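Engineer: This is data.cif (mmCIF, C-alpha atoms).
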data_work
#
loop_
_atom_site.group_PDB
_atom_site.id
_atom_site.type_symbol
_atom_site.label_atom_id
_atom_site.label_comp_id
_atom_site.auth_asym_id
_atom_site.auth_seq_id
_atom_site.Cartn_x
_atom_site.Cartn_y
_atom_site.Cartn_z
ATOM 1 C CA ALA A 494 -16.471 -3.714 15.342
ATOM 2 C CA GLY A 495 -16.064 -0.079 16.288
ATOM 3 C CA VAL A 496 -16.893 2.421 19.011
ATOM 4 C CA LEU A 497 -20.144 4.349 18.667
ATOM 5 C CA GLY A 498 -20.363 7.916 19.835
ATOM 6 C CA GLN A 499 -23.639 9.793 19.697
ATOM 7 C CA VAL A 500 -24.943 8.438 16.395
ATOM 8 C CA GLU A 501 -28.303 6.923 15.544
ATOM 9 C CA LEU A 502 -29.496 4.351 13.047
ATOM 10 C CA THR A 503 -31.783 5.809 10.414
ATOM 11 C CA THR A 504 -33.118 5.226 6.904
ATOM 12 C CA GLY A 505 -30.556 4.298 4.256
ATOM 13 C CA PRO A 506 -30.006 5.612 0.728
ATOM 14 C CA HIS A 507 -32.525 3.182 -0.775
ATOM 15 C CA GLY A 508 -35.149 3.624 1.924
ATOM 16 C CA GLU A 509 -33.956 0.620 3.900
ATOM 17 C CA THR A 510 -34.708 0.588 7.635
ATOM 18 C CA ASN A 511 -31.585 1.074 9.768
ATOM 19 C CA GLY A 512 -29.539 1.483 6.584
ATOM 20 C CA SER A 513 -27.328 4.378 7.679
ATOM 21 C CA TYR A 514 -25.998 6.282 10.664
ATOM 22 C CA GLN A 515 -27.027 9.832 11.520
ATOM 23 C CA PHE A 516 -24.220 12.112 12.730
ATOM 24 C CA SER A 517 -25.426 15.162 14.641
ATOM 25 C CA GLY A 518 -22.512 17.576 14.111
ATOM 26 C CA ASN A 519 -21.032 17.720 17.610
ATOM 27 C CA PRO A 520 -17.712 16.497 19.099
ATOM 28 C CA ASN A 521 -19.325 13.369 20.571
ATOM 29 C CA SER A 522 -21.047 12.244 17.371
ATOM 30 C CA PHE A 523 -18.587 9.844 15.732
ATOM 31 C CA ILE A 524 -17.752 6.229 14.927
ATOM 32 C CA GLU A 525 -14.212 5.023 15.600
ATOM 33 C CA PHE A 526 -12.595 1.872 14.232
ATOM 34 C CA PRO A 527 -9.409 0.249 15.514
ATOM 35 C CA ASN A 528 -6.822 -0.171 12.777
ATOM 36 C CA ASP A 529 -4.528 -3.057 13.620
ATOM 37 C CA GLY A 530 -3.478 -3.381 9.971
ATOM 38 C CA GLY A 531 -6.798 -4.508 8.523
ATOM 39 C CA LEU A 532 -7.517 -1.005 7.195
ATOM 40 C CA ASP A 533 -3.932 -0.312 6.086
ATOM 41 C CA THR A 534 -4.040 -0.313 2.288
ATOM 42 C CA LEU A 535 -0.308 0.484 2.098
ATOM 43 C CA HIS A 536 0.022 1.857 -1.449
ATOM 44 C CA SER A 537 -3.135 2.675 -3.426
ATOM 45 C CA ILE A 538 -6.642 3.223 -2.106
ATOM 46 C CA THR A 539 -10.319 3.703 -2.870
ATOM 47 C CA LEU A 540 -12.650 5.128 -0.220
ATOM 48 C CA MET A 541 -16.370 5.207 -0.956
ATOM 49 C CA CYS A 542 -19.686 5.677 0.794
ATOM 50 C CA TRP A 543 -23.210 6.956 0.469
ATOM 51 C CA VAL A 544 -23.613 10.344 2.139
ATOM 52 C CA GLN A 545 -26.503 12.698 2.808
ATOM 53 C CA PRO A 546 -24.980 16.047 3.859
ATOM 54 C CA GLY A 547 -26.779 17.909 6.607
ATOM 55 C CA GLY A 548 -25.251 21.319 5.961
ATOM 56 C CA ARG A 549 -22.144 21.123 8.132
ATOM 57 C CA ASP A 550 -18.622 20.274 6.953
ATOM 58 C CA GLY A 551 -16.610 17.486 8.551
ATOM 59 C CA PRO A 552 -14.896 14.129 8.125
ATOM 60 C CA LEU A 553 -16.561 11.213 6.412
ATOM 61 C CA PHE A 554 -13.573 8.913 7.024
ATOM 62 C CA ASN A 555 -10.307 10.029 8.573
ATOM 63 C CA TYR A 556 -7.211 7.931 9.200
ATOM 64 C CA LYS A 557 -5.541 9.124 12.420
ATOM 65 C CA ASN A 558 -8.122 10.399 14.870
ATOM 66 C CA SER A 559 -6.031 13.327 16.125
ATOM 67 C CA GLY A 560 -2.817 15.234 15.507
ATOM 68 C CA ALA A 561 -1.069 14.819 12.150
ATOM 69 C CA TRP A 562 -3.228 13.967 9.159
ATOM 70 C CA GLY A 563 -3.633 10.546 7.626
ATOM 71 C CA VAL A 564 -5.487 9.896 4.361
ATOM 72 C CA HIS A 565 -9.013 11.295 4.602
ATOM 73 C CA ILE A 566 -12.264 12.139 2.815
ATOM 74 C CA TRP A 567 -14.377 15.060 4.045
ATOM 75 C CA ILE A 568 -17.125 17.446 3.194
ATOM 76 C CA VAL A 569 -15.423 20.885 2.892
ATOM 77 C CA ASN A 570 -17.392 24.001 1.911
ATOM 78 C CA GLY A 571 -20.208 21.599 1.052
ATOM 79 C CA LYS A 572 -18.021 19.795 -1.508
ATOM 80 C CA PHE A 573 -16.462 16.334 -1.565
ATOM 81 C CA PHE A 574 -12.794 16.558 -0.525
ATOM 82 C CA ASN A 575 -9.877 14.099 -0.442
ATOM 83 C CA ARG A 576 -6.292 14.418 0.697
ATOM 84 C CA ILE A 577 -3.606 11.755 0.397
ATOM 85 C CA THR A 578 -0.726 11.896 2.878
ATOM 86 C CA LYS A 579 2.594 10.062 2.861
ATOM 87 C CA TYR A 580 3.941 7.394 5.195
ATOM 88 C CA PRO A 581 5.629 7.724 7.660
ATOM 89 C CA ASN A 582 5.722 11.529 8.107
ATOM 90 C CA HIS A 583 2.119 12.361 7.078
ATOM 91 C CA ALA A 584 3.390 14.904 4.525
ATOM 92 C CA PHE A 585 0.634 16.395 2.366
ATOM 93 C CA PHE A 586 -0.030 15.838 -1.286
ATOM 94 C CA ASP A 587 -2.179 18.529 -2.923
ATOM 95 C CA ALA A 588 -5.823 18.111 -1.975
ATOM 96 C CA ILE A 589 -8.587 17.495 -4.495
ATOM 97 C CA LEU A 590 -12.112 18.942 -4.264
ATOM 98 C CA THR A 591 -15.208 18.629 -6.436
ATOM 99 C CA ASP A 592 -16.303 21.763 -8.280
ATOM 100 C CA GLN A 593 -19.927 21.447 -7.226
ATOM 101 C CA ALA A 594 -21.315 21.202 -3.713
ATOM 102 C CA LEU A 595 -23.301 18.107 -2.783
ATOM 103 C CA PRO A 596 -27.012 18.923 -2.327
ATOM 104 C CA VAL A 597 -27.934 19.209 1.353
ATOM 105 C CA GLY A 598 -30.504 16.624 2.414
ATOM 106 C CA GLN A 599 -30.021 14.433 -0.662
ATOM 107 C CA TRP A 600 -28.193 11.125 -0.915
ATOM 108 C CA ALA A 601 -25.085 10.972 -3.099
ATOM 109 C CA HIS A 602 -22.526 8.251 -3.635
ATOM 110 C CA VAL A 603 -18.941 9.469 -3.376
ATOM 111 C CA ALA A 604 -15.635 7.723 -4.063
ATOM 112 C CA ALA A 605 -12.017 8.857 -3.910
ATOM 113 C CA THR A 606 -9.140 6.932 -5.500
ATOM 114 C CA TYR A 607 -5.367 7.230 -5.455
ATOM 115 C CA ASP A 608 -3.050 5.154 -7.677
ATOM 116 C CA HIS A 609 0.490 5.145 -6.298
ATOM 117 C CA ILE A 610 1.897 3.955 -9.637
ATOM 118 C CA THR A 611 0.447 6.799 -11.723
ATOM 119 C CA GLY A 612 0.263 9.387 -8.932
ATOM 120 C CA VAL A 613 -3.324 10.248 -9.943
ATOM 121 C CA ASN A 614 -6.030 11.190 -7.421
ATOM 122 C CA SER A 615 -9.652 11.080 -8.615
ATOM 123 C CA LEU A 616 -13.110 11.860 -7.219
ATOM 124 C CA TYR A 617 -16.360 10.260 -8.330
ATOM 125 C CA VAL A 618 -19.907 11.354 -7.557
ATOM 126 C CA ASN A 619 -22.823 8.978 -8.188
ATOM 127 C CA GLY A 620 -20.514 6.668 -10.134
ATOM 128 C CA HIS A 621 -19.204 9.329 -12.517
ATOM 129 C CA LEU A 622 -15.756 10.900 -12.614
ATOM 130 C CA SER A 623 -16.019 14.413 -11.155
ATOM 131 C CA LYS A 624 -12.389 15.507 -10.744
ATOM 132 C CA THR A 625 -8.973 14.017 -11.444
ATOM 133 C CA LYS A 626 -5.502 15.368 -10.729
ATOM 134 C CA TYR A 627 -1.887 14.255 -10.814
ATOM 135 C CA ILE A 628 -0.645 14.823 -7.252
ATOM 136 C CA GLY A 629 2.593 12.791 -7.256
ATOM 137 C CA LYS A 630 3.844 9.287 -6.614
ATOM 138 C CA THR A 631 4.803 7.624 -3.357
ATOM 139 C CA ASP A 632 5.471 4.008 -2.467
ATOM 140 C CA ARG A 633 3.346 4.116 0.686
ATOM 141 C CA ILE A 634 0.505 6.235 2.026
ATOM 142 C CA SER A 635 -0.434 6.979 5.636
ATOM 143 C CA THR A 636 -3.205 4.470 6.294
ATOM 144 C CA ASN A 637 -1.428 2.659 9.135
ATOM 145 C CA ASP A 638 -2.528 4.780 12.099
ATOM 146 C CA GLY A 639 -4.147 3.045 15.054
ATOM 147 C CA GLN A 640 -7.622 4.619 14.943
ATOM 148 C CA VAL A 641 -9.869 5.709 12.101
ATOM 149 C CA ARG A 642 -12.797 8.031 12.739
ATOM 150 C CA MET A 643 -15.966 9.052 10.972
ATOM 151 C CA GLY A 644 -17.727 12.308 11.854
ATOM 152 C CA VAL A 645 -15.083 13.908 14.094
ATOM 153 C CA LYS A 646 -11.337 14.506 14.104
ATOM 154 C CA ILE A 647 -10.129 15.272 17.616
ATOM 155 C CA GLY A 648 -8.898 18.864 17.852
ATOM 156 C CA ASP A 649 -10.797 20.080 14.784
ATOM 157 C CA SER A 650 -14.053 21.991 15.298
ATOM 158 C CA ARG A 651 -15.632 20.815 12.044
ATOM 159 C CA TYR A 652 -18.041 18.030 13.024
ATOM 160 C CA PHE A 653 -19.940 16.292 10.233
ATOM 161 C CA ASN A 654 -23.702 16.580 10.241
ATOM 162 C CA GLY A 655 -25.665 14.163 8.066
ATOM 163 C CA LYS A 656 -25.960 10.489 7.222
ATOM 164 C CA ILE A 657 -23.367 7.947 6.048
ATOM 165 C CA ALA A 658 -23.966 4.426 4.727
ATOM 166 C CA GLN A 659 -21.962 1.569 3.230
ATOM 167 C CA MET A 660 -18.465 2.865 3.939
ATOM 168 C CA LYS A 661 -16.006 0.772 1.921
ATOM 169 C CA VAL A 662 -12.225 0.643 1.684
ATOM 170 C CA TYR A 663 -10.227 -0.979 -1.132
ATOM 171 C CA ASP A 664 -6.473 -1.353 -1.468
ATOM 172 C CA ASP A 665 -6.597 -0.515 -5.181
ATOM 173 C CA ALA A 666 -7.586 2.511 -7.254
ATOM 174 C CA LEU A 667 -10.887 1.380 -8.755
ATOM 175 C CA ASP A 668 -12.026 2.712 -12.110
ATOM 176 C CA GLU A 669 -15.460 4.066 -12.992
ATOM 177 C CA VAL A 670 -16.825 0.671 -14.034
ATOM 178 C CA ASP A 671 -15.753 -0.942 -10.756
ATOM 179 C CA ILE A 672 -17.100 1.945 -8.679
ATOM 180 C CA LYS A 673 -20.503 1.729 -10.351
ATOM 181 C CA ALA A 674 -20.550 -2.027 -9.719
ATOM 182 C CA ALA A 675 -19.641 -1.510 -6.045
ATOM 183 C CA MET A 676 -22.133 1.276 -5.334
ATOM 184 C CA ASN A 677 -24.898 -1.058 -4.250
ATOM 185 C CA GLU A 678 -22.903 -4.092 -3.172
ATOM 186 C CA GLY A 679 -23.140 -5.424 0.339
ATOM 187 C CA LYS A 680 -26.332 -3.710 1.420
ATOM 188 C CA VAL A 681 -26.991 -4.812 5.001
ATOM 189 C CA GLN A 682 -29.572 -4.036 7.625
ATOM 190 C CA LEU A 683 -27.709 -2.588 10.574
ATOM 191 C CA LYS A 684 -28.392 -3.710 14.119
ATOM 192 C CA GLU A 685 -28.191 -1.399 17.114
ATOM 193 C CA SER A 686 -25.346 -3.229 18.837
ATOM 194 C CA TYR A 687 -23.026 -3.632 15.853
ATOM 195 C CA ILE A 688 -21.204 -1.617 13.251
ATOM 196 C CA TYR A 689 -20.794 -3.286 9.886
ATOM 197 C CA PHE A 690 -17.704 -2.135 8.039
ATOM 198 C CA THR A 691 -16.666 -3.565 4.706
ATOM 199 C CA THR A 692 -12.992 -3.783 3.735
ATOM 200 C CA TYR A 693 -12.143 -5.009 0.259
ATOM 201 C CA PHE A 694 -8.673 -6.131 -0.705
ATOM 202 C CA VAL A 695 -8.325 -6.281 -4.467
ATOM 203 C CA TYR A 696 -5.418 -8.062 -6.105
#
Show me, as structure tokens, the structure contained in the file I just sent.

Structural biologist:
Amino acid sequence: AGVLGQVELTTGPHGETNGSYQFSGNPNSFIEFPNDGGLDTLHSITLMCWVQPGGRDGPLFNYKNSGAWGVHIWIVNGKFFNRITKYPNHAFFDAILTDQALPVGQWAHVAATYDHITGVNSLYVNGHLSKTKYIGKTDRISTNDGQVRMGVKIGDSRYFNGKIAQMKVYDDALDEVDIKAAMNEGKVQLKESYIYFTTYFVY
């Protein structure tokens, strides 16, 4: 369960009723999840969701709701963006950004992976590898912070506008085959009083 700011249920990526949340691009339009360890992937990670950009940059999923930066995926300059940060000091690795902007008003599936063994960060769009980069190795990444937010990072004026559905977190760097298989898993019909959040731990 999470805390709902000013977001509304709306049609999902496959036309399903109440299949996504609409973020309106203001500082009160967010969803916040408590992270008591259940979202701490420790080492490697995959973050994925369906997104329909509304023309304004902002966070899709951001560890650490304010201050120093945890691991995060964003829309930046209309493109899909990921930055991995290190535990415990939140030091930056180089960011990775798709070459092409995501079409405004159209659904796209995005996924970002980081493998702490290889040090490789990769971005996938609609199940296909879009960008990959060696950014460096670390034993642990900064996914331990107490709150995770979608739509808004406190203190940053970039507030996401658009729709997000089926946000998923894995504690492994999935490959293209696994990402394609996961794209349509776990479709649920959302209810007004609940937030459904799927965490996958892969061993």

Engineer: Would you kindly return, as a PDB file with C-alpha atoms, in the frame of the given file, each protein, DNA or RNA residue with an atom no farther than 6 Å from any atom of segment 650-662 of chain A, considering all atoms listed in the file and excluding same-chain residues fewer than 2 positions away?

Structural biologist:
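After the write, part.pdb holds the following:
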ATOM      1  CA  SER A 513     -27.328   4.378   7.679  1.00  0.00           C
ATOM      2  CA  TYR A 514     -25.998   6.282  10.664  1.00  0.00           C
ATOM      3  CA  GLN A 515     -27.027   9.832  11.520  1.00  0.00           C
ATOM      4  CA  PHE A 516     -24.220  12.112  12.730  1.00  0.00           C
ATOM      5  CA  SER A 517     -25.426  15.162  14.641  1.00  0.00           C
ATOM      6  CA  GLY A 518     -22.512  17.576  14.111  1.00  0.00           C
ATOM      7  CA  ASN A 519     -21.032  17.720  17.610  1.00  0.00           C
ATOM      8  CA  THR A 539     -10.319   3.703  -2.870  1.00  0.00           C
ATOM      9  CA  LEU A 540     -12.650   5.128  -0.220  1.00  0.00           C
ATOM     10  CA  MET A 541     -16.370   5.207  -0.956  1.00  0.00           C
ATOM     11  CA  CYS A 542     -19.686   5.677   0.794  1.00  0.00           C
ATOM     12  CA  TRP A 543     -23.210   6.956   0.469  1.00  0.00           C
ATOM     13  CA  VAL A 544     -23.613  10.344   2.139  1.00  0.00           C
ATOM     14  CA  GLN A 545     -26.503  12.698   2.808  1.00  0.00           C
ATOM     15  CA  PRO A 546     -24.980  16.047   3.859  1.00  0.00           C
ATOM     16  CA  GLY A 547     -26.779  17.909   6.607  1.00  0.00           C
ATOM     17  CA  ARG A 549     -22.144  21.123   8.132  1.00  0.00           C
ATOM     18  CA  ASP A 550     -18.622  20.274   6.953  1.00  0.00           C
ATOM     19  CA  GLY A 551     -16.610  17.486   8.551  1.00  0.00           C
ATOM     20  CA  PRO A 552     -14.896  14.129   8.125  1.00  0.00           C
ATOM     21  CA  GLY A 644     -17.727  12.308  11.854  1.00  0.00           C
ATOM     22  CA  VAL A 645     -15.083  13.908  14.094  1.00  0.00           C
ATOM     23  CA  THR A 691     -16.666  -3.565   4.706  1.00  0.00           C
ATOM     24  CA  THR A 692     -12.992  -3.783   3.735  1.00  0.00           C
ATOM     25  CA  TYR A 693     -12.143  -5.009   0.259  1.00  0.00           C
TER      26      TYR A 693
END

Engineer: Could you tell me which of A:Pro520, A:Gly530, A:Gly571, A:Pro581 comes closest to Gly639 of chain A if we count all atoms listed in the file?

Structural biologist: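 Closest to Gly639 of chain A, using all atoms listed in the file: A:Gly530.
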
Engineer: What's around Asp632 of chain A at 10 Å? Count only C-alpha atoms, leave out sequence neighbours fewer than 4 positions away in its own chain, and write the answer as a list in words.

Structural biologist: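 Residues meeting the cut-off are Leu535, His536, Ser537, Lys579, Tyr580, His609, Ile610 and Gly612 of chain A.
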
Engineer: Which of these, A:Val641, A:Ala588, A:Val613, A:Ala561, has the shortest distance to Phe574 of chain A once you count all atoms listed in the file?

Structural biologist: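 The shortest atom-to-atom distance to Phe574 of chain A comes from A:Ala588.
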
Engineer: Show me the residues around (-16.3, 1.2, -12.5) - criterion: an atom at most 12 Å away, only C-alpha atoms counted - as a list in words.

Structural biologist: Thr539, Ala604, Thr606, Tyr617, Val618, Asn619, Gly620, His621, Leu622, Ala666, Leu667, Asp668, Glu669, Val670, Asp671, Ile672, Lys673, Ala674, Ala675 and Met676 of chain A
